[in-house]
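A.B. asks: Sharing a structure here in structure tokens format.
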Amino acid sequence: MNIPKTDKKRVVVIGGGFAGISLAKKLKDLDVQLVLLDKQNYHTFQPLLYQVSTSGLEPDSIAYPLRKVLRKLNNFYFRWATVERIDPEQQRVITSKGDLSYDFLVLATGTKTNYFGNKDIEKYTMPMKNVPQALNIRSLMLQNFEKADDCVDEKERNALMNFCIIGAGPTGVELAGAFAELKNNVFPKDYRHLDISEMQIHLFEGGPRVLPPMSVKASKKALQFLCKLGVTVHLNTIVEDYDGETLTLKNQETIASKNCIWTAGVTGAAIEGFNKDALVDRINRYKVNEYNQVEGYSNIFAIGDIALMQTKEYPKGHPQVAQPAIQQGELLAKNLKSLLLGKEMKPFRYYDKGTMATVGRNKAVVDLKRAKFGGFFAWYIWMFVHLMALVGFRNRVIVFFNWVYNYINFDKAARLIVRPYQPKE
């Protein structure tokens with residue numbers, strides 16, 4: 001790998017998500033050589049992926065080139081590469097573009113979709129963890145509506161217009177709400193010869209309520225919003241199988257659908273090479289101490305979704321959302337500086353700023369420590385927080401004007417089949 005040799009300590013960061021970016025930015029004034037590795041050349045604002053998949057935003061609104069994000073850093077190098085494994089004994093990273101030595105290694109690889117071993121669901125359902133996958137969902141949705149508009153068989157048409165979303169966490173709830181808004185406000189204008197009332201949106205959750213990570217009050221409010229929008233919510237319902245055309249539930253009930261999206265779980269995007277004690281197999285997260293050091297290694301750190309830091313307040317680890325990742329990245333930058341200066345590191349303490357989810361136009365829920373509420377004000381807060389969290393002024397402007405346009409016109413402008421999607425046979 002063409003990285004110049006140096007007398008400075010080399011910090012290698014794997015992953016350009018929230019954790020990796022927050023760490024790299026804070027290393028600006030540290031006298032080290034920083035190398036960032038990622039299999040994409042851009043940072044993705046994942047909380048808004050569902051808007052790309054439902055035609056609300058184009059992908060360049062929520063993605064930002066990694067080189068541009070970090071171009072003000074001194075002695076910084078980016079390599080577009082897939083990391084294949086780590087050799088901790090030799091302190092080397094083995095990638096698709098060659099090997100690279102390190103003095104300090106930071107794992108910020110995030111998560112990937114967890115199908116819980118169900119091969120059919122993995123093969124036929126649509127995941128939504130990155131930009132290409134979101135575009136696949138958008139293309140499939142629009143392709144199926146084009147087919148439905150030309151379909152004379154009622155059962156086939158219903159299958160093309162039925163949407164099944166498995167998993168009622170924030171992603172599933174927001175996706176279901178966005179599909180409902182398309183049904184209520186957009187598709188009746190685009191497909192005037194179709195009976196849009198035939199379009200069904202099913203949201204499945206294995207537990208007793210939607211938005212399990214949030215408060216009971218938020219769950220009840222979100223369920224009310226979803227029902228009002230016309231979403232059929234199935235609680236305490238396990239999806240057992242899907243073959244590309246028919247969804248089978250555990251009670252053997254079936255639903256015909258050619259649009260099935262899986263948002264039911266994630267697992268850590270772990271990398272090979274570490275001892276068994278460092279990784280929790282069931283969830284693929286690295287066990288770290290209060291300084292984010294991977295168990296058994298003093299110069300290897302894990303931050304963000306891939307890190308499992310068990311504390312009294314969080315015995316199962318911190319929630320796999322943006323804020324813990326950002327806060328861990330920022331503190332690790334300070335701790336690396338302390339290590340280089342021979343000072344003691346500071347332990348990580350998570351400051352919970354609250355959680356939120358949007359269900360649709362003027363409909364959102366917010367959980368803060370001292371307040372829990374929903375409705376228009378919550379929706380306004382959700383928009384403001386997400387707008388400010390986007391990377392880059394241009395992205396904020398584009399997203400803001402898209403939201404204003406969508407709100408005034410009850411429209412979503414990105415209804416383009418740019419890259420047709422071919423469902424798996």
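Letters for chains follow the order of the structure tokens (A, B, ...), residue numbers begin at 1 for each chain, and ligand numbers begin at 1 in the order shown.
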Hey, what's within 9 Å of segment 12-27 of chain A if we count only C-alpha atoms and toss same-chain stuff fewer than 4 positions away? As an MDAnalysis selection string, please?

C.D. replies: chainID A and resid 31:46 66 69:70 72:73 83 93 100:110 303:305 322:334 336:337

A.B. asks: Considering only alpha helix (DSSP H) as DSSP defines it on the backbone, what residues of segment 81-313 of chain A qualify? List them as an MDAnalysis selection string.

C.D. replies: chainID A and resid 119:124 131:149 154:161 170:181 187:190 216:229

A.B. asks: Name the closest residue to Leu194 of chain A among the candidates A:Ile165, A:Val239, A:Ala159, A:Ala148; distances are taken between atoms, counting only C-alpha atoms.

C.D. replies: A:Ala148

A.B. asks: Give me, as an NGL selection string, all polymer residues having an atom no more than 8 Å from Lys412 of chain A, counting only C-alpha atoms and skipping those fewer than 4 positions away in the same chain.

C.D. replies: :A and (55-57 or 182 or 186 or 406)

A.B. asks: Any chance you can output those residues with N, CA, C and O atoms as a short mmCIF file (atom, residue, chain, number, x, y, z; two decimals), in the first residue's frame?

C.D. replies:
```cif
data_model
loop_
_atom_site.label_atom_id
_atom_site.label_comp_id
_atom_site.auth_asym_id
_atom_site.auth_seq_id
_atom_site.Cartn_x
_atom_site.Cartn_y
_atom_site.Cartn_z
N SER A 55 -37.90 7.76 -2.27
CA SER A 55 -37.92 8.85 -3.27
C SER A 55 -37.97 10.25 -2.68
O SER A 55 -38.25 11.20 -3.39
N GLY A 56 -37.69 10.39 -1.40
CA GLY A 56 -37.70 11.72 -0.80
C GLY A 56 -36.43 12.50 -1.04
O GLY A 56 -36.45 13.73 -1.14
N LEU A 57 -35.29 11.79 -1.13
CA LEU A 57 -33.99 12.43 -1.32
C LEU A 57 -33.17 11.63 -2.32
O LEU A 57 -33.34 10.41 -2.44
N LEU A 182 -46.45 8.07 0.50
CA LEU A 182 -46.48 7.87 -0.95
C LEU A 182 -47.87 7.42 -1.39
O LEU A 182 -48.41 7.90 -2.39
N VAL A 186 -48.84 10.81 -3.14
CA VAL A 186 -48.05 10.86 -4.38
C VAL A 186 -48.57 9.90 -5.45
O VAL A 186 -48.87 10.30 -6.58
N ASN A 406 -41.20 19.16 -0.49
CA ASN A 406 -42.08 18.03 -0.20
C ASN A 406 -43.25 18.44 0.69
O ASN A 406 -44.38 17.98 0.51
#
```

A.B. asks: Choose the residue, out of A:Tyr286, A:Tyr191, A:Phe78, A:Tyr124, that has the smallest atom-to-atom separation from Ile306 of chain A; count only C-alpha atoms.

C.D. replies: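 The answer is A:Tyr286, which sits nearest to Ile306 of chain A.
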
A.B. asks: If you count only C-alpha atoms, which residues fall within 12 Å of Gln252 of chain A, apart from same-chain ones fewer than 6 positions away, as a ChimeraX atom specification?

C.D. replies: /A:237-242,246

A.B. asks: Which residues come within 10 Å of Cys227 of chain A, counting only C-alpha atoms, excluding same-chain residues fewer than 5 positions away, as a list in words?

C.D. replies: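 My reading of the contact set: Gly177, Ala180, Ala222, Thr232 and Val233 of chain A.
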
A.B. asks: Would you write out, as a Markdown table, a table of all residues in segment 58-126 of chain A that have an atom no more than 12 Å from an atom of segment 420-423 of chain A, listing for each the closest atom pair and the distance in Å to one decimal, considering only C-alpha atoms and ordering rows by chain and rising residue number?

C.D. replies:
```
| residue | atom | partner | partner_atom | distance |
| --- | --- | --- | --- | --- |
| A:Lys123 | CA | A:Pro423 | CA | 9.7 |
| A:Tyr124 | CA | A:Pro423 | CA | 7.7 |
| A:Thr125 | CA | A:Pro423 | CA | 9.4 |
| A:Met126 | CA | A:Pro423 | CA | 9.4 |
```

A.B. asks: Go ahead and save the residues from that selection, with all heavy atoms, as a PDB file, in the first residue's frame.

C.D. replies:
```
ATOM      1  N   LYS A 123     -31.771 -14.162   1.136  1.00  0.00           N
ATOM      2  CA  LYS A 123     -31.699 -14.151  -0.323  1.00  0.00           C
ATOM      3  C   LYS A 123     -32.742 -13.246  -0.955  1.00  0.00           C
ATOM      4  O   LYS A 123     -32.443 -12.508  -1.903  1.00  0.00           O
ATOM      5  CB  LYS A 123     -31.866 -15.579  -0.855  1.00  0.00           C
ATOM      6  CG  LYS A 123     -31.798 -15.687  -2.369  1.00  0.00           C
ATOM      7  CD  LYS A 123     -31.908 -17.140  -2.824  1.00  0.00           C
ATOM      8  CE  LYS A 123     -31.843 -17.247  -4.348  1.00  0.00           C
ATOM      9  NZ  LYS A 123     -31.951 -18.657  -4.799  1.00  0.00           N
ATOM     10  N   TYR A 124     -33.969 -13.270  -0.433  1.00  0.00           N
ATOM     11  CA  TYR A 124     -35.073 -12.625  -1.149  1.00  0.00           C
ATOM     12  C   TYR A 124     -35.534 -11.278  -0.582  1.00  0.00           C
ATOM     13  O   TYR A 124     -36.169 -10.506  -1.305  1.00  0.00           O
ATOM     14  CB  TYR A 124     -36.269 -13.582  -1.210  1.00  0.00           C
ATOM     15  CG  TYR A 124     -36.022 -14.809  -2.044  1.00  0.00           C
ATOM     16  CD1 TYR A 124     -35.903 -16.067  -1.460  1.00  0.00           C
ATOM     17  CD2 TYR A 124     -35.883 -14.717  -3.434  1.00  0.00           C
ATOM     18  CE1 TYR A 124     -35.676 -17.196  -2.221  1.00  0.00           C
ATOM     19  CE2 TYR A 124     -35.654 -15.839  -4.201  1.00  0.00           C
ATOM     20  CZ  TYR A 124     -35.549 -17.084  -3.595  1.00  0.00           C
ATOM     21  OH  TYR A 124     -35.316 -18.194  -4.358  1.00  0.00           O
ATOM     22  N   THR A 125     -35.288 -11.004   0.690  1.00  0.00           N
ATOM     23  CA  THR A 125     -35.729  -9.704   1.219  1.00  0.00           C
ATOM     24  C   THR A 125     -34.718  -8.622   0.871  1.00  0.00           C
ATOM     25  O   THR A 125     -33.576  -8.900   0.504  1.00  0.00           O
ATOM     26  CB  THR A 125     -35.921  -9.751   2.743  1.00  0.00           C
ATOM     27  OG1 THR A 125     -34.671 -10.059   3.371  1.00  0.00           O
ATOM     28  CG2 THR A 125     -36.980 -10.757   3.135  1.00  0.00           C
ATOM     29  N   MET A 126     -35.153  -7.373   1.021  1.00  0.00           N
ATOM     30  CA  MET A 126     -34.309  -6.220   0.692  1.00  0.00           C
ATOM     31  C   MET A 126     -33.752  -5.614   1.986  1.00  0.00           C
ATOM     32  O   MET A 126     -34.515  -5.148   2.834  1.00  0.00           O
ATOM     33  CB  MET A 126     -35.133  -5.164  -0.048  1.00  0.00           C
ATOM     34  CG  MET A 126     -35.848  -5.668  -1.280  1.00  0.00           C
ATOM     35  SD  MET A 126     -34.735  -5.932  -2.661  1.00  0.00           S
ATOM     36  CE  MET A 126     -34.364  -4.246  -3.118  1.00  0.00           C
TER      37      MET A 126
END
```

A.B. asks: Restricting the calculation to only C-alpha atoms, which member of A:Gln143, A:Thr171, A:Asn409, A:Asn289 is positioned closest to Val359 of chain A?

C.D. replies: A:Thr171

A.B. asks: Could you give me, as an MDAnalysis selection string, the residues within 6 Å of segment 114-117 of chain A, counting only C-alpha atoms and dropping anything in the same chain fewer than 6 positions from it?

C.D. replies: chainID A and resid 265:267

A.B. asks: Just to confirm, what's the straight-line distance from atom CA of Lys147 of chain A to atom CA of Arg361 of chain A in Å (one decimal)?

C.D. replies: 28.2 Å

A.B. asks: Determine the nearest neighbour of Lys221 of chain A from the options A:Ala278, A:Val173, A:Lys68, A:Ile121, counting only C-alpha atoms.

C.D. replies: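 Closest candidate: A:Val173.
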
A.B. asks: Which neighbours of Ala414 of chain A fall inside 12 Å, counting only C-alpha atoms, when residues of the same chain fewer than 4 positions from it are skipped, and could you give them as a PDB file with C-alpha atoms, in the first residue's frame?

C.D. replies:
```pdb
ATOM      1  CA  GLN A  51     -35.842   8.792   2.487  1.00  0.00           C
ATOM      2  CA  VAL A  52     -33.594   7.739  -0.390  1.00  0.00           C
ATOM      3  CA  SER A  53     -35.409   4.410  -0.669  1.00  0.00           C
ATOM      4  CA  THR A  54     -38.826   6.142  -0.717  1.00  0.00           C
ATOM      5  CA  SER A  55     -37.924   8.847  -3.273  1.00  0.00           C
ATOM      6  CA  GLY A  56     -37.700  11.720  -0.797  1.00  0.00           C
ATOM      7  CA  LEU A  57     -33.994  12.434  -1.321  1.00  0.00           C
ATOM      8  CA  GLU A  58     -31.269  11.643  -3.828  1.00  0.00           C
ATOM      9  CA  PRO A  59     -28.257   9.744  -2.435  1.00  0.00           C
ATOM     10  CA  ASP A  60     -25.841  12.677  -2.808  1.00  0.00           C
ATOM     11  CA  SER A  61     -27.974  14.518  -0.233  1.00  0.00           C
ATOM     12  CA  LEU A 135     -31.527   2.697  -4.330  1.00  0.00           C
ATOM     13  CA  ARG A 138     -36.511   2.632  -4.628  1.00  0.00           C
ATOM     14  CA  SER A 139     -36.056   1.007  -8.027  1.00  0.00           C
ATOM     15  CA  LEU A 142     -41.202   2.017  -8.781  1.00  0.00           C
ATOM     16  CA  LEU A 182     -46.481   7.875  -0.953  1.00  0.00           C
ATOM     17  CA  VAL A 186     -48.053  10.860  -4.376  1.00  0.00           C
ATOM     18  CA  ASN A 402     -36.159  19.094  -0.562  1.00  0.00           C
ATOM     19  CA  TRP A 403     -38.076  18.935   2.712  1.00  0.00           C
ATOM     20  CA  TYR A 405     -40.657  21.355  -1.415  1.00  0.00           C
ATOM     21  CA  ASN A 406     -42.082  18.029  -0.202  1.00  0.00           C
ATOM     22  CA  VAL A 418     -31.949   5.312 -12.593  1.00  0.00           C
TER      23      VAL A 418
END
```

A.B. asks: What are the DSSP strand (DSSP E or B) residues of segment 112-220 of chain A, as a list of chain:residue names?

C.D. replies: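 Selection result, strand (DSSP E or B) within segment 112-220 of chain A: A:Lys112, A:Thr113, A:Met126, A:Asn162, A:Phe163, A:Cys164, A:Ile165, A:Ile166, A:Gln200, A:Ile201, A:His202, A:Leu203, A:Phe204.
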
A.B. asks: Could the residues in this selection be written to a file with N, CA and C atoms, as a compact mmCIF listing (two decimals), in the first residue's frame?

C.D. replies:
```txt
# COMPACT_ATOMS: atom_id res chain seq x y z
N LYS A 112 -23.72 -4.80 10.20
CA LYS A 112 -24.29 -5.28 8.94
C LYS A 112 -25.62 -5.94 9.27
N THR A 113 -26.41 -6.23 8.25
CA THR A 113 -27.74 -6.81 8.46
C THR A 113 -27.64 -8.21 9.05
N MET A 126 -35.15 -7.37 1.02
CA MET A 126 -34.31 -6.22 0.69
C MET A 126 -33.75 -5.61 1.99
N ASN A 162 -48.23 -4.65 -2.66
CA ASN A 162 -48.15 -4.91 -1.23
C ASN A 162 -46.73 -4.72 -0.73
N PHE A 163 -46.57 -4.03 0.39
CA PHE A 163 -45.25 -3.79 0.97
C PHE A 163 -45.21 -4.39 2.38
N CYS A 164 -44.20 -5.22 2.61
CA CYS A 164 -44.01 -5.84 3.91
C CYS A 164 -42.68 -5.40 4.49
N ILE A 165 -42.71 -4.85 5.69
CA ILE A 165 -41.51 -4.39 6.37
C ILE A 165 -41.37 -5.20 7.65
N ILE A 166 -40.27 -5.90 7.79
CA ILE A 166 -40.07 -6.79 8.93
C ILE A 166 -39.12 -6.12 9.92
N GLN A 200 -51.15 -2.09 0.06
CA GLN A 200 -51.14 -2.39 1.50
C GLN A 200 -49.72 -2.27 2.05
N ILE A 201 -49.62 -1.74 3.26
CA ILE A 201 -48.32 -1.61 3.93
C ILE A 201 -48.41 -2.36 5.25
N HIS A 202 -47.64 -3.44 5.36
CA HIS A 202 -47.64 -4.28 6.55
C HIS A 202 -46.32 -4.09 7.31
N LEU A 203 -46.41 -3.86 8.60
CA LEU A 203 -45.23 -3.73 9.46
C LEU A 203 -45.29 -4.83 10.51
N PHE A 204 -44.24 -5.67 10.56
CA PHE A 204 -44.22 -6.82 11.45
C PHE A 204 -43.21 -6.62 12.58
```

A.B. asks: Have a look at A:Glu425, A:Asp367, A:Glu344, A:Asp29 and name the one nearest to Val216 of chain A; count only C-alpha atoms.

C.D. replies: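 Going through A:Glu425, A:Asp367, A:Glu344, A:Asp29 one by one, the smallest distance to Val216 of chain A is for A:Asp367.
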